[in-house]
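First the structure, in the form of structure tokens, and then the observations on it.
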Amino acid sequence: MHNRLSKNILIIITIFCGFLMVVSYLQSSVLDPVRYYVGYFMTPVQSGINRFGITVSNGIREQRHLREVYDENLRLQQRVDALTEENSRLRSDELELERLRELYRLDQNYMQYPKVAARVIARDSQKWFRVFRIDKGLSDGITKDMNVLSGGGLVGIVTEVGANYATVRSIIDDESNVYAMSQYSNDTCLVKGSITAYEDGMLDITNIDKNAVFNDGDAVITSPLSTKFLPGILIGYASGISINSQHLTKSGRLIPVADFDNIQEVLVITQIKTESGIITPGEE
């Protein structure tokens, strides 16, 4: 409104001054005194008009410039937001690709077993993947007691199955027990799930014969003696193996190969261990 009022005042003054200029140019001796006073009046008025016009013009240009700067900043911010979103999406895609590559390597390591890939869709706690749910179920050939792999090795076993989902209990759960052995010596042990032990990122290893060759750093794999877990699947690596105070057995810790802080994709082995051997459900 200020700019509109300024323009109106400028127009009125311009019209008035134009009238005075016309009078000043009339060729009549009678108007000589008038022309004198008109010229006397017009000089400062024209100077003032020029200054006023310049001020108004500069103000309009400055306002236009500010508007252009604002619009340009808005466009730049929108561009930055778009690039930030695109960068986040690309980073997410890159991480997913790396996980899928890891899953592929895991699949290649256990080519002797048929598998189905699945995504984790829920878990029972906010801290670790103790019990979690996947997006594959009966319609995908999943049944109870199928072994589940991720992150380089064993993560758990299917305990419940629906039409299009399955529940997995991980090996860090307190109820989990896996008969295992040293891949180096074949001496057996029991890998016990323990949320308390996993506070330190480990699991417990027990029931090792006192004469067994079981050393720190040994790869620990599932044993053929297990009634539910298929043989030869990597669980983790032995650590802190020592003889118990009664000198009857050895025990220690296991560093699991899987990361139970972040499981997003898994492989489900579509065979199960039974008393009669390894079978594929539906093909008995």
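Labels used: A, B, ... for chains in the order of the structure tokens, numbers from 1 for residues in each chain, and numbers from 1 for ligands as shown.
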* Skip stretch 123-127 of chain A itself and residues of its chain fewer than 3 positions away, then list as a PyMOL selection string all residues within 10 Å of it, counting only C-alpha atoms. => chain A and resi 120+130-134+167-168+260-263
Only C-alpha atoms, please: the residues just picked out, written as an mmCIF file, in the first residue's frame.
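Contents of part11.cif, as written:
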data_model
loop_
_atom_site.group_PDB
_atom_site.id
_atom_site.type_symbol
_atom_site.label_atom_id
_atom_site.label_comp_id
_atom_site.auth_asym_id
_atom_site.auth_seq_id
_atom_site.Cartn_x
_atom_site.Cartn_y
_atom_site.Cartn_z
ATOM 1 C CA VAL A 120 11.903 -59.692 9.315
ATOM 2 C CA ARG A 130 15.405 -62.707 20.728
ATOM 3 C CA VAL A 131 12.122 -63.770 19.114
ATOM 4 C CA PHE A 132 11.076 -62.292 15.769
ATOM 5 C CA ARG A 133 8.607 -62.775 12.935
ATOM 6 C CA ILE A 134 9.285 -63.175 9.207
ATOM 7 C CA THR A 167 7.933 -66.951 14.305
ATOM 8 C CA VAL A 168 11.639 -67.568 14.925
ATOM 9 C CA PHE A 260 21.396 -60.047 16.860
ATOM 10 C CA ASP A 261 21.152 -56.272 17.139
ATOM 11 C CA ASN A 262 20.043 -55.886 13.542
ATOM 12 C CA ILE A 263 18.521 -58.733 11.525
#
* Asked: Where does DSSP see helix (DSSP H, G or I) in stretch 38-270 of chain A, if you list the residues as a count of residues only?
  -> 79
* To do: Name the residues of stretch 41-282 of chain A that fall into strand (DSSP E or B) according to DSSP on the backbone, using the chain letters and numbers of this document, as a VMD selection string.
  => chain A and resid 115 to 123 131 to 134 147 to 150 153 to 161 166 to 170 177 to 182 188 to 192 203 to 209 219 to 222 234 to 243 249 to 256 265 to 269 272 to 274 277 to 279
* Compile the contact shell of A:Asn147 as a PyMOL selection string: residues with an atom at most 8 Å away, counting only C-alpha atoms, same-chain residues fewer than 5 positions apart removed. => chain A and resi 154+156-158+229-230+268-272
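The closest residue to A:Leu100, picked from A:Ser226, A:Ile195, A:Phe129, A:Val266 and counting only C-alpha atoms, is A:Val266.
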* To do: Mind checking which residues fall within 9 Å of A:Pro231, counting only C-alpha atoms, ignoring those fewer than 4 positions away in the same chain, and posting them as a ChimeraX atom specification?
  => /A:180,221-226
Quick one: write out the picked residues with C-alpha atoms as a short mmCIF file (atom, residue, chain, number, x, y, z; two decimals), in the first residue's frame?
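Final output, again_38.cif:
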data_model
loop_
_atom_site.label_atom_id
_atom_site.label_comp_id
_atom_site.auth_asym_id
_atom_site.auth_seq_id
_atom_site.Cartn_x
_atom_site.Cartn_y
_atom_site.Cartn_z
CA ALA A 180 27.54 -78.17 18.61
CA ILE A 221 29.34 -75.52 14.21
CA THR A 222 26.12 -77.47 14.70
CA SER A 223 26.66 -81.13 15.54
CA PRO A 224 25.11 -84.18 13.85
CA LEU A 225 23.98 -85.15 17.39
CA SER A 226 21.48 -82.29 17.46
#
